[in-house]
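entry-v9.pdb follows; it contains PDB, C-alpha atoms.
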ATOM      1  CA  MET A   1       0.000   0.000   0.000
ATOM      2  CA  ASP A   2       1.313   3.430  -0.969
ATOM      3  CA  LEU A   3       1.403   6.033   1.795
ATOM      4  CA  PRO A   4       0.717   9.737   1.201
ATOM      5  CA  GLN A   5       3.834  11.753   0.400
ATOM      6  CA  LYS A   6       3.008  14.599   2.777
ATOM      7  CA  PRO A   7       1.589  14.375   6.287
ATOM      8  CA  MET A   8      -1.522  16.188   7.410
ATOM      9  CA  LEU A   9      -0.867  18.643  10.244
ATOM     10  CA  ILE A  10      -3.475  18.893  12.968
ATOM     11  CA  VAL A  11      -3.443  21.921  15.262
ATOM     12  CA  PRO A  12      -5.575  21.485  18.413
ATOM     13  CA  PRO A  13      -8.263  21.799  19.434
ATOM     14  CA  ALA A  14      -9.584  19.315  16.882
ATOM     15  CA  PRO A  15     -12.079  17.076  18.711
ATOM     16  CA  ALA A  16     -13.341  15.516  15.485
ATOM     17  CA  ARG A  17      -9.878  13.995  14.953
ATOM     18  CA  TRP A  18      -9.745  12.291  18.324
ATOM     19  CA  PRO A  19     -11.444   8.941  17.445
ATOM     20  CA  ALA A  20      -8.937   8.273  14.650
ATOM     21  CA  MET A  21      -6.058   9.438  16.840
ATOM     22  CA  ALA A  22      -7.211   7.262  19.735
ATOM     23  CA  ASP A  23      -7.322   4.269  17.402
ATOM     24  CA  LEU A  24      -3.762   4.946  16.217
ATOM     25  CA  TYR A  25      -2.407   5.291  19.756
ATOM     26  CA  GLN A  26      -4.441   2.585  21.450
ATOM     27  CA  HIS A  27      -1.157   0.938  22.536
ATOM     28  CA  GLN A  28      -0.382   3.924  24.767
ATOM     29  CA  ARG A  29      -1.171   3.988  28.472
ATOM     30  CA  PRO A  30      -2.104   6.661  30.995
ATOM     31  CA  PRO A  31      -0.988   9.331  31.565
ATOM     32  CA  TRP A  32      -0.007   9.605  27.898
ATOM     33  CA  THR A  33      -3.471   8.824  26.569
ATOM     34  CA  ALA A  34      -5.085  11.354  28.917
ATOM     35  CA  ASP A  35      -2.596  14.023  27.853
ATOM     36  CA  LEU A  36      -3.171  13.268  24.172
ATOM     37  CA  GLU A  37      -6.938  13.435  24.528
ATOM     38  CA  ARG A  38      -6.763  16.660  26.520
ATOM     39  CA  ARG A  39      -4.529  18.399  24.004
ATOM     40  CA  ILE A  40      -6.350  17.228  20.889
ATOM     41  CA  THR A  41      -9.950  17.585  22.010
ATOM     42  CA  GLN A  42      -9.686  20.715  24.170
ATOM     43  CA  GLY A  43      -6.308  22.261  23.473
ATOM     44  CA  VAL A  44      -4.018  23.511  26.236
ATOM     45  CA  PRO A  45      -4.058  27.286  26.798
ATOM     46  CA  GLY A  46      -0.594  28.690  26.220
ATOM     47  CA  ALA A  47       0.713  25.594  24.443
ATOM     48  CA  HIS A  48       1.636  25.468  20.764
ATOM     49  CA  ASP A  49       1.055  21.873  19.678
ATOM     50  CA  VAL A  50       0.947  20.199  16.302
ATOM     51  CA  TYR A  51       0.251  16.589  15.308
ATOM     52  CA  ALA A  52       1.378  15.110  12.001
ATOM     53  CA  VAL A  53      -0.438  12.071  10.635
ATOM     54  CA  LEU A  54      -0.521   9.944   7.521
ATOM     55  CA  ALA A  55      -3.959   8.667   6.580
ATOM     56  CA  LEU A  56      -4.864   5.746   4.371
ATOM     57  CA  ALA A  57      -8.419   4.721   3.492
ATOM     58  CA  GLY A  58      -9.785   7.057   6.161
ATOM     59  CA  ARG A  59      -7.581   5.618   8.891
ATOM     60  CA  PHE A  60      -4.515   7.133  10.553
ATOM     61  CA  VAL A  61      -1.597   4.771   9.947
ATOM     62  CA  ALA A  62       1.290   6.863  11.294
ATOM     63  CA  GLY A  63       1.685   9.868  13.536
ATOM     64  CA  ALA A  64       4.045  12.055  15.550
ATOM     65  CA  CYS A  65       3.802  15.369  17.330
ATOM     66  CA  ILE A  66       5.633  18.350  18.768
ATOM     67  CA  ASN A  67       4.487  19.998  21.982
ATOM     68  CA  LYS A  68       5.952  23.513  21.976
ATOM     69  CA  PHE A  69       6.184  26.287  24.571
ATOM     70  CA  GLY A  70       8.156  29.374  23.652
ATOM     71  CA  ASP A  71      11.524  28.355  22.202
ATOM     72  CA  PHE A  72      11.263  24.802  23.513
ATOM     73  CA  GLY A  73       9.673  21.700  22.104
ATOM     74  CA  VAL A  74       9.399  17.963  22.697
ATOM     75  CA  LEU A  75       9.070  15.581  19.755
ATOM     76  CA  GLY A  76       7.117  12.479  20.629
ATOM     77  CA  HIS A  77       4.448   9.885  19.896
ATOM     78  CA  CYS A  78       6.294   8.798  16.747
ATOM     79  CA  TYR A  79       4.483   5.622  15.733
ATOM     80  CA  THR A  80       3.689   3.692  12.552
ATOM     81  CA  ARG A  81       1.345   0.737  12.363
ATOM     82  CA  PRO A  82       3.328  -2.489  11.798
ATOM     83  CA  GLU A  83       1.822  -3.161   8.365
ATOM     84  CA  CYS A  84       2.924   0.275   7.118
ATOM     85  CA  ARG A  85       6.519   0.299   8.323
ATOM     86  CA  ARG A  86       9.661   0.489   6.172
ATOM     87  CA  GLN A  87       7.985   2.873   3.733
ATOM     88  CA  GLY A  88       9.464   6.137   4.987
ATOM     89  CA  ALA A  89       6.494   7.164   7.133
ATOM     90  CA  ALA A  90       8.563   8.335  10.099
ATOM     91  CA  ARG A  91      10.861  10.350   7.850
ATOM     92  CA  ARG A  92       7.937  12.184   6.242
ATOM     93  CA  LEU A  93       6.331  12.922   9.597
ATOM     94  CA  ILE A  94       9.543  14.260  11.132
ATOM     95  CA  GLU A  95      10.369  16.410   8.106
ATOM     96  CA  GLY A  96       6.941  18.032   8.293
ATOM     97  CA  LEU A  97       7.160  18.621  12.027
ATOM     98  CA  LEU A  98      10.678  20.065  11.888
ATOM     99  CA  SER A  99       9.639  22.515   9.172
ATOM    100  CA  TRP A 100       6.750  23.659  11.366
ATOM    101  CA  PHE A 101       8.980  23.947  14.438
ATOM    102  CA  ASP A 102      11.549  26.057  12.620
ATOM    103  CA  MET A 103       8.951  28.302  11.005
ATOM    104  CA  THR A 104       7.296  28.989  14.359
ATOM    105  CA  GLY A 105      10.551  30.103  15.976
ATOM    106  CA  GLY A 106      11.496  26.946  17.837
ATOM    107  CA  LYS A 107      15.126  26.645  18.935
ATOM    108  CA  TRP A 108      15.560  23.640  21.235
ATOM    109  CA  LEU A 109      13.800  20.399  20.403
ATOM    110  CA  TYR A 110      14.151  17.416  22.747
ATOM    111  CA  LEU A 111      13.127  13.794  22.506
ATOM    112  CA  ALA A 112      13.480  10.506  24.363
ATOM    113  CA  ALA A 113      13.886   7.252  22.471
ATOM    114  CA  THR A 114      15.615   3.911  22.395
ATOM    115  CA  ALA A 115      19.206   3.892  21.191
ATOM    116  CA  ASP A 116      18.361   1.996  18.008
ATOM    117  CA  LEU A 117      15.866   4.675  16.953
ATOM    118  CA  ALA A 118      18.325   7.401  17.890
ATOM    119  CA  GLU A 119      21.016   5.947  15.667
ATOM    120  CA  GLY A 120      18.818   4.757  12.840
ATOM    121  CA  LEU A 121      16.400   7.666  12.556
ATOM    122  CA  PHE A 122      16.726  10.790  14.668
ATOM    123  CA  GLY A 123      20.451  11.262  14.218
ATOM    124  CA  LYS A 124      19.807  11.847  10.529
ATOM    125  CA  PHE A 125      17.788  14.964  11.361
ATOM    126  CA  GLY A 126      20.426  16.793  13.367
ATOM    127  CA  PHE A 127      19.634  15.405  16.821
ATOM    128  CA  SER A 128      22.600  14.756  19.092
ATOM    129  CA  THR A 129      22.609  12.490  22.144
ATOM    130  CA  LEU A 130      22.504  14.123  25.581
ATOM    131  CA  HIS A 131      22.135  11.093  27.845
ATOM    132  CA  ARG A 132      22.425   7.344  27.328
ATOM    133  CA  VAL A 133      21.367   4.802  29.957
ATOM    134  CA  PRO A 134      20.819   1.011  29.921
ATOM    135  CA  TRP A 135      17.140   0.602  30.743
ATOM    136  CA  ALA A 136      15.288  -2.697  31.138
ATOM    137  CA  SER A 137      15.530  -4.486  27.780
ATOM    138  CA  ALA A 138      16.771  -1.481  25.790
ATOM    139  CA  VAL A 139      19.215   1.394  26.021
ATOM    140  CA  ARG A 140      17.374   4.692  26.480
ATOM    141  CA  VAL A 141      18.642   8.045  25.259
ATOM    142  CA  THR A 142      17.587  11.657  25.254
ATOM    143  CA  MET A 143      18.469  13.876  22.314
ATOM    144  CA  LEU A 144      18.514  17.544  21.363
ATOM    145  CA  ARG A 145      18.298  19.379  18.088
ATOM    146  CA  ALA A 146      19.528  22.933  18.625
ATOM    147  CA  ARG A 147      18.627  25.267  15.792
ATOM    148  CA  GLY A 148      20.796  28.096  14.538
ATOM    149  CA  GLY A 149      23.886  27.253  16.581
ATOM    150  CA  ASP A 150      22.169  27.924  19.895
ATOM    151  CA  GLY A 151      24.314  25.314  21.600
ATOM    152  CA  GLU A 152      23.606  22.078  23.401
ATOM    153  CA  ASN A 153      22.663  23.629  26.744
ATOM    154  CA  SER A 154      19.437  25.568  26.480
ATOM    155  CA  LEU A 155      20.065  27.017  29.952
ATOM    156  CA  ALA A 156      23.370  28.595  28.946
ATOM    157  CA  GLU A 157      21.624  31.854  28.113
ATOM    158  CA  ASP A 158      19.904  32.116  31.490
ATOM    159  CA  GLN A 159      20.649  35.802  31.919
ATOM    160  CA  GLY A 160      18.301  38.463  33.188
ATOM    161  CA  GLU A 161      15.932  38.946  36.051
ATOM    162  CA  VAL A 162      14.212  35.959  37.648
ATOM    163  CA  THR A 163      10.430  35.882  37.621
ATOM    164  CA  VAL A 164       8.353  33.237  39.395
ATOM    165  CA  ARG A 165       4.951  32.115  38.179
ATOM    166  CA  PRO A 166       2.708  29.033  38.315
ATOM    167  CA  LEU A 167       3.464  26.195  35.922
ATOM    168  CA  SER A 168       0.715  24.581  33.868
ATOM    169  CA  ARG A 169       0.470  21.764  31.345
ATOM    170  CA  ALA A 170       1.528  24.202  28.643
ATOM    171  CA  ALA A 171       4.987  24.544  30.217
ATOM    172  CA  TRP A 172       5.695  20.802  30.045
ATOM    173  CA  PRO A 173       8.407  21.150  27.339
ATOM    174  CA  THR A 174      10.404  23.596  29.476
ATOM    175  CA  MET A 175      10.161  21.219  32.441
ATOM    176  CA  VAL A 176      11.536  18.404  30.293
ATOM    177  CA  ALA A 177      14.359  20.694  29.137
ATOM    178  CA  LEU A 178      15.307  21.673  32.702
ATOM    179  CA  LEU A 179      15.497  18.025  33.736
ATOM    180  CA  GLN A 180      18.103  17.344  31.064
ATOM    181  CA  TYR A 181      20.586  19.463  33.011
ATOM    182  CA  CYS A 182      19.483  19.096  36.648
ATOM    183  CA  PRO A 183      18.961  15.977  38.771
ATOM    184  CA  GLY A 184      15.342  14.907  39.084
ATOM    185  CA  PRO A 185      13.282  14.265  42.232
ATOM    186  CA  ASP A 186      16.007  12.237  43.946
ATOM    187  CA  PRO A 187      19.403  13.987  43.808
ATOM    188  CA  ARG A 188      21.144  10.675  44.523
ATOM    189  CA  VAL A 189      20.061   9.425  41.099
ATOM    190  CA  SER A 190      22.290  10.447  38.198
ATOM    191  CA  ILE A 191      21.127  13.160  35.828
ATOM    192  CA  ALA A 192      21.228  10.673  32.967
ATOM    193  CA  GLU A 193      18.855   8.270  34.718
ATOM    194  CA  SER A 194      16.375  10.982  35.641
ATOM    195  CA  ALA A 195      16.666  12.644  32.221
ATOM    196  CA  VAL A 196      15.453   9.594  30.297
ATOM    197  CA  ILE A 197      12.211   9.577  32.321
ATOM    198  CA  ALA A 198      11.869  13.371  32.500
ATOM    199  CA  GLU A 199       8.878  13.470  30.157
ATOM    200  CA  LEU A 200       6.868  11.077  32.297
ATOM    201  CA  PHE A 201       7.984  12.654  35.580
ATOM    202  CA  ALA A 202       7.015  16.162  34.445
ATOM    203  CA  LEU A 203       3.652  14.903  33.229
ATOM    204  CA  ASP A 204       3.095  13.198  36.578
ATOM    205  CA  LEU A 205       3.810  16.484  38.397
ATOM    206  CA  ILE A 206       1.204  18.233  36.269
ATOM    207  CA  ASP A 207      -1.386  15.509  36.874
ATOM    208  CA  HIS A 208      -0.923  15.802  40.650
ATOM    209  CA  GLN A 209      -1.345  19.559  40.431
ATOM    210  CA  GLU A 210      -4.552  19.238  38.449
ATOM    211  CA  HIS A 211      -5.863  16.927  41.173
ATOM    212  CA  SER A 212      -5.101  19.667  43.739
ATOM    213  CA  GLU A 213      -2.462  17.580  45.504
ATOM    214  CA  TRP A 214       0.248  20.194  45.085
ATOM    215  CA  GLN A 215       1.127  23.446  43.355
ATOM    216  CA  LEU A 216       3.875  23.891  40.777
ATOM    217  CA  LEU A 217       5.934  27.061  40.565
ATOM    218  CA  GLY A 218       8.572  27.919  37.985
ATOM    219  CA  ALA A 219      11.475  30.345  38.064
ATOM    220  CA  PHE A 220      12.087  31.881  34.651
ATOM    221  CA  ARG A 221      14.841  33.993  33.184
ATOM    222  CA  GLY A 222      13.183  35.299  30.078
ATOM    223  CA  ALA A 223      11.487  32.324  28.447
ATOM    224  CA  ARG A 224      13.830  29.802  30.051
ATOM    225  CA  LEU A 225      12.786  27.747  33.038
ATOM    226  CA  VAL A 226      15.746  27.695  35.453
ATOM    227  CA  GLY A 227      14.042  26.192  38.483
ATOM    228  CA  LEU A 228      10.813  24.494  39.519
ATOM    229  CA  ALA A 229       9.155  23.805  42.840
ATOM    230  CA  THR A 230       6.375  21.594  44.116
ATOM    231  CA  VAL A 231       4.426  22.510  47.255
ATOM    232  CA  ALA A 232       2.224  19.809  48.804
ATOM    233  CA  LEU A 233      -1.335  20.988  49.476
ATOM    234  CA  ASP A 234      -2.893  17.734  50.683
ATOM    235  CA  HIS A 235      -1.230  17.743  54.127
ATOM    236  CA  ALA A 236      -3.370  18.568  57.141
ATOM    237  CA  GLY A 237      -1.777  20.619  59.895
ATOM    238  CA  THR A 238       0.668  23.490  60.044
ATOM    239  CA  ARG A 239       3.578  21.876  58.145
ATOM    240  CA  THR A 240       3.897  20.923  54.524
ATOM    241  CA  GLN A 241       6.633  19.713  52.199
ATOM    242  CA  ALA A 242       8.209  21.157  49.102
ATOM    243  CA  MET A 243      10.792  20.144  46.527
ATOM    244  CA  LEU A 244      13.118  22.442  44.626
ATOM    245  CA  ILE A 245      14.826  21.572  41.349
ATOM    246  CA  PRO A 246      17.721  22.069  41.078
ATOM    247  CA  HIS A 247      18.195  20.847  44.624
ATOM    248  CA  ALA A 248      21.184  23.143  45.160
ATOM    249  CA  GLY A 249      21.614  26.653  43.816
ATOM    250  CA  THR A 250      17.911  27.249  43.205
ATOM    251  CA  PRO A 251      17.084  30.932  42.639
ATOM    252  CA  ALA A 252      16.275  32.604  45.972
ATOM    253  CA  GLU A 253      13.152  34.093  44.398
ATOM    254  CA  LEU A 254      11.713  30.599  43.934
ATOM    255  CA  ARG A 255      12.334  29.562  47.526
ATOM    256  CA  ASN A 256      10.711  32.775  48.756
ATOM    257  CA  ALA A 257       7.701  32.170  46.514
ATOM    258  CA  VAL A 258       7.328  28.655  47.949
ATOM    259  CA  THR A 259       7.254  30.063  51.492
ATOM    260  CA  GLU A 260       4.707  32.710  50.572
ATOM    261  CA  LEU A 261       2.479  30.192  48.806
ATOM    262  CA  ALA A 262       2.556  27.827  51.802
ATOM    263  CA  ARG A 263       1.673  30.614  54.211
ATOM    264  CA  GLY A 264      -1.190  31.660  51.971
ATOM    265  CA  LYS A 265      -2.550  28.113  52.252
ATOM    266  CA  GLY A 266      -2.404  28.194  56.064
ATOM    267  CA  TYR A 267       0.906  26.378  56.628
ATOM    268  CA  GLU A 268       3.387  27.782  59.124
ATOM    269  CA  HIS A 269       6.436  25.768  58.115
ATOM    270  CA  VAL A 270       7.790  24.196  54.920
ATOM    271  CA  ASP A 271      10.085  21.159  54.988
ATOM    272  CA  PHE A 272      12.472  20.391  52.119
ATOM    273  CA  PRO A 273      13.190  16.643  52.544
ATOM    274  CA  MET A 274      15.573  16.369  49.594
ATOM    275  CA  GLU A 275      17.795  19.079  51.030
ATOM    276  CA  THR A 276      18.058  17.007  54.192
ATOM    277  CA  VAL A 277      19.095  14.028  52.064
ATOM    278  CA  LEU A 278      21.780  16.087  50.338
ATOM    279  CA  GLN A 279      23.068  17.392  53.637
ATOM    280  CA  HIS A 280      23.220  13.889  55.062
ATOM    281  CA  GLU A 281      25.078  12.641  51.994
ATOM    282  CA  SER A 282      27.661  15.417  52.271
ATOM    283  CA  GLU A 283      28.196  14.775  55.998
ATOM    284  CA  THR A 284      28.552  11.006  55.676
ATOM    285  CA  PRO A 285      32.220  10.060  55.320
ATOM    286  CA  PRO A 286      33.063   7.766  52.421
ATOM    287  CA  THR A 287      33.129   4.094  53.231
ATOM    288  CA  GLU A 288      36.646   2.676  53.367
ATOM    289  CA  LEU A 289      36.980  -0.581  51.486
ATOM    290  CA  PRO A 290      39.141  -3.335  52.953
ATOM    291  CA  PRO A 291      42.582  -3.686  51.402
ATOM    292  CA  VAL A 292      42.954  -6.099  48.558
ATOM    293  CA  GLN A 293      44.491  -9.342  49.794
TER     294      GLN A 293
END
Represent the structure of the file as structure tokens.
Amino acid sequence: MDLPQKPMLIVPPAPARWPAMADLYQHQRPPWTADLERRITQGVPGAHDVYAVLALAGRFVAGACINKFGDFGVLGHCYTRPECRRQGAARRLIEGLLSWFDMTGGKWLYLAATADLAEGLFGKFGFSTLHRVPWASAVRVTMLRARGGDGENSLAEDQGEVTVRPLSRAAWPTMVALLQYCPGPDPRVSIAESAVIAELFALDLIDHQEHSEWQLLGAFRGARLVGLATVALDHAGTRTQAMLIPHAGTPAELRNAVTELARGKGYEHVDFPMETVLQHESETPPTELPPVQ
């Protein structure tokens, strides 16, 4: 069967497209399916999303997307039905999406994939590997395509005044970007290990916020997210907990905003458990191994 030469681009909200999209991505699981449905059927205020699909006989047979916020984007959901593979579907989808990303002013485009896809597909489109980690049955990688010589670290231009504001689902790409350069929720885990699951972790943070379990705050320099915080709102009493990323060197403005938010919710004290972990790690002397016999 011959596939269309050019993909169709779908810009949300497009609720009429959801049944065909849901059929294409029926292999996905929550929270990915919930995020897909939300973006396609309702749209996400402040987000700039586009979905590329190839249709055959009224059925979507291949698709991919870019979720974009400001200069940042995440390429994902690249999938072709088994019977339509090895016909260049992924290449056509990615070419269409990259053209859109460049035309809309995108600079830093991230993705997570298996190493075989990274080497066999994405590397051909200017993506370079950031992190590489053995993971279950496959090696996982994260990659970046930096447009216009902007460099491999999207935080390198973090100059200017810090502003703090709430984070929403729209800001998901900037959260993923931040977690490529800062340790994730547990600072004892390597950046590489937390980076390969950054997309899922950031989506999980957003889901918890939308269920009123905590509040997300972001510290921005210009359009760049340089720090994020979570403040638990489901604790009864006068104390609550918060997490700052990065765990060390977080902008003072973000910490102050966390304290103010907690007080506004009726809490008198905020604990930062991960900072206690870091302090304990730094105070624990290294274990001396026995001499080799």
- Task: List the neighbours of His48 (chain A) out to 10 Å using only C-alpha atoms; skip same-chain residues closer than 5 positions along the sequence, and give me the result as an MDAnalysis selection string.
- Result: chainID A and resid 11:12 39 43 66:70 73 101 104 170
Export of the given selection (C-alpha atoms) as a JSON list (two decimals), keeping the file's coordinate frame:
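Contents of part_12.json, freshly written:
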[["chain", "number", "residue", "atom", "x", "y", "z"],
["A", 11, "VAL", "CA", -3.44, 21.92, 15.26],
["A", 12, "PRO", "CA", -5.58, 21.48, 18.41],
["A", 39, "ARG", "CA", -4.53, 18.40, 24.00],
["A", 43, "GLY", "CA", -6.31, 22.26, 23.47],
["A", 66, "ILE", "CA", 5.63, 18.35, 18.77],
["A", 67, "ASN", "CA", 4.49, 20.00, 21.98],
["A", 68, "LYS", "CA", 5.95, 23.51, 21.98],
["A", 69, "PHE", "CA", 6.18, 26.29, 24.57],
["A", 70, "GLY", "CA", 8.16, 29.37, 23.65],
["A", 73, "GLY", "CA", 9.67, 21.70, 22.10],
["A", 101, "PHE", "CA", 8.98, 23.95, 14.44],
["A", 104, "THR", "CA", 7.30, 28.99, 14.36],
["A", 170, "ALA", "CA", 1.53, 24.20, 28.64]]
- Task: Write out as JSON, numbers by chain each polymer residue whose atoms come within 12 Å of Gly106 (chain A), counting only C-alpha atoms; drop sequence neighbours fewer than 6 positions from it.
- Result: {"A": [48, 49, 66, 67, 68, 69, 70, 71, 72, 73, 74, 75, 97, 98, 99, 100, 145, 146, 147, 148, 150, 154, 173, 223]}
Keeping only C-alpha atoms, write those residues as a PDB file, keeping the file's coordinate frame.
ATOM      1  CA  HIS A  48       1.636  25.468  20.764  1.00  0.00           C
ATOM      2  CA  ASP A  49       1.055  21.873  19.678  1.00  0.00           C
ATOM      3  CA  ILE A  66       5.633  18.350  18.768  1.00  0.00           C
ATOM      4  CA  ASN A  67       4.487  19.998  21.982  1.00  0.00           C
ATOM      5  CA  LYS A  68       5.952  23.513  21.976  1.00  0.00           C
ATOM      6  CA  PHE A  69       6.184  26.287  24.571  1.00  0.00           C
ATOM      7  CA  GLY A  70       8.156  29.374  23.652  1.00  0.00           C
ATOM      8  CA  ASP A  71      11.524  28.355  22.202  1.00  0.00           C
ATOM      9  CA  PHE A  72      11.263  24.802  23.513  1.00  0.00           C
ATOM     10  CA  GLY A  73       9.673  21.700  22.104  1.00  0.00           C
ATOM     11  CA  VAL A  74       9.399  17.963  22.697  1.00  0.00           C
ATOM     12  CA  LEU A  75       9.070  15.581  19.755  1.00  0.00           C
ATOM     13  CA  LEU A  97       7.160  18.621  12.027  1.00  0.00           C
ATOM     14  CA  LEU A  98      10.678  20.065  11.888  1.00  0.00           C
ATOM     15  CA  SER A  99       9.639  22.515   9.172  1.00  0.00           C
ATOM     16  CA  TRP A 100       6.750  23.659  11.366  1.00  0.00           C
ATOM     17  CA  ARG A 145      18.298  19.379  18.088  1.00  0.00           C
ATOM     18  CA  ALA A 146      19.528  22.933  18.625  1.00  0.00           C
ATOM     19  CA  ARG A 147      18.627  25.267  15.792  1.00  0.00           C
ATOM     20  CA  GLY A 148      20.796  28.096  14.538  1.00  0.00           C
ATOM     21  CA  ASP A 150      22.169  27.924  19.895  1.00  0.00           C
ATOM     22  CA  SER A 154      19.437  25.568  26.480  1.00  0.00           C
ATOM     23  CA  PRO A 173       8.407  21.150  27.339  1.00  0.00           C
ATOM     24  CA  ALA A 223      11.487  32.324  28.447  1.00  0.00           C
TER      25      ALA A 223
END
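The smallest atom-to-atom distance between Glu253 (chain A) and any of A:Lys124, A:Arg221, A:Arg91, A:His211, using all atoms listed in the file, is found for A:Arg221.
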- Task: Dump as number ranges by chain all residues having an atom at most 10 Å from (-3.1, 21.5, 9.0), computed in the file's coordinates with all atoms listed in the file.
- Result: A: 7-12, 50-53
Expected file contents, prior selection, C-alpha atoms, as a PDB file, in the frame of the given file:
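Output (out24.pdb):
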ATOM      1  CA  PRO A   7       1.589  14.375   6.287  1.00  0.00           C
ATOM      2  CA  MET A   8      -1.522  16.188   7.410  1.00  0.00           C
ATOM      3  CA  LEU A   9      -0.867  18.643  10.244  1.00  0.00           C
ATOM      4  CA  ILE A  10      -3.475  18.893  12.968  1.00  0.00           C
ATOM      5  CA  VAL A  11      -3.443  21.921  15.262  1.00  0.00           C
ATOM      6  CA  PRO A  12      -5.575  21.485  18.413  1.00  0.00           C
ATOM      7  CA  VAL A  50       0.947  20.199  16.302  1.00  0.00           C
ATOM      8  CA  TYR A  51       0.251  16.589  15.308  1.00  0.00           C
ATOM      9  CA  ALA A  52       1.378  15.110  12.001  1.00  0.00           C
ATOM     10  CA  VAL A  53      -0.438  12.071  10.635  1.00  0.00           C
TER      11      VAL A  53
END
- If you count only C-alpha atoms, which residues fall within 12 Å of Trp32 (chain A), apart from same-chain ones fewer than 6 positions away, as a ChimeraX atom specification? /A:22,25-26,38-39,76-77,199-204,207
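As for CA of Pro13 (chain A) and CA of Gly46 (chain A), they are spaced 12.3 Å apart.
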Enclose the full set of atoms of region 110-126 of chain A listed in the file within a box whose edges lie along x, y and z, apply 5 Å of padding to each of the six sides, and report centre and edge lengths in Å to one decimal as lines of an AutoDock Vina configuration file.
center_x = 17.1
center_y = 9.7
center_z = 17.4
size_x = 17.9
size_y = 25.4
size_z = 23.8
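The coordinates place CA of Lys107 (chain A) at 28.4 Å from CA of Pro4 (chain A).
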- Would you kindly return, as a VMD selection string, each protein, DNA or RNA residue with an atom no farther than 7 Å from any atom of Arg165 (chain A), considering only C-alpha atoms and excluding same-chain residues fewer than 4 positions away? chain A and resid 217 to 219
- Just give me the gap between CA of Met143 (chain A) and CA of Leu111 (chain A) in Å, one decimal is fine. 5.3 Å
- Query: In terms of the shortest atom-to-atom distance over all atoms listed in the file, which of A:Gln209, A:Gln215, A:Thr129, A:Asn256 is closest to Gln241 (chain A)?
  - Reply: A:Gln215
- Write out as number ranges by chain the residues lying within 9 Å of Gly266 (chain A), counting only C-alpha atoms and excluding same-chain residues fewer than 4 positions away. A: 237-239, 261-262
- the PyMOL selection byres ((chain A and resi 182) around 12) resolved against shown file, as JSON, numbers by chain: {"A": [153, 155, 175, 176, 177, 178, 179, 180, 181, 183, 184, 185, 186, 187, 188, 189, 190, 191, 192, 193, 194, 195, 198, 225, 226, 227, 228, 244, 245, 246, 247, 248, 249, 250]}
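Minimum distance to Ile197 (chain A) across A:Ala236, A:Ala113, A:Ala57, A:Ala242 (counting only C-alpha atoms) occurs at A:Ala113.
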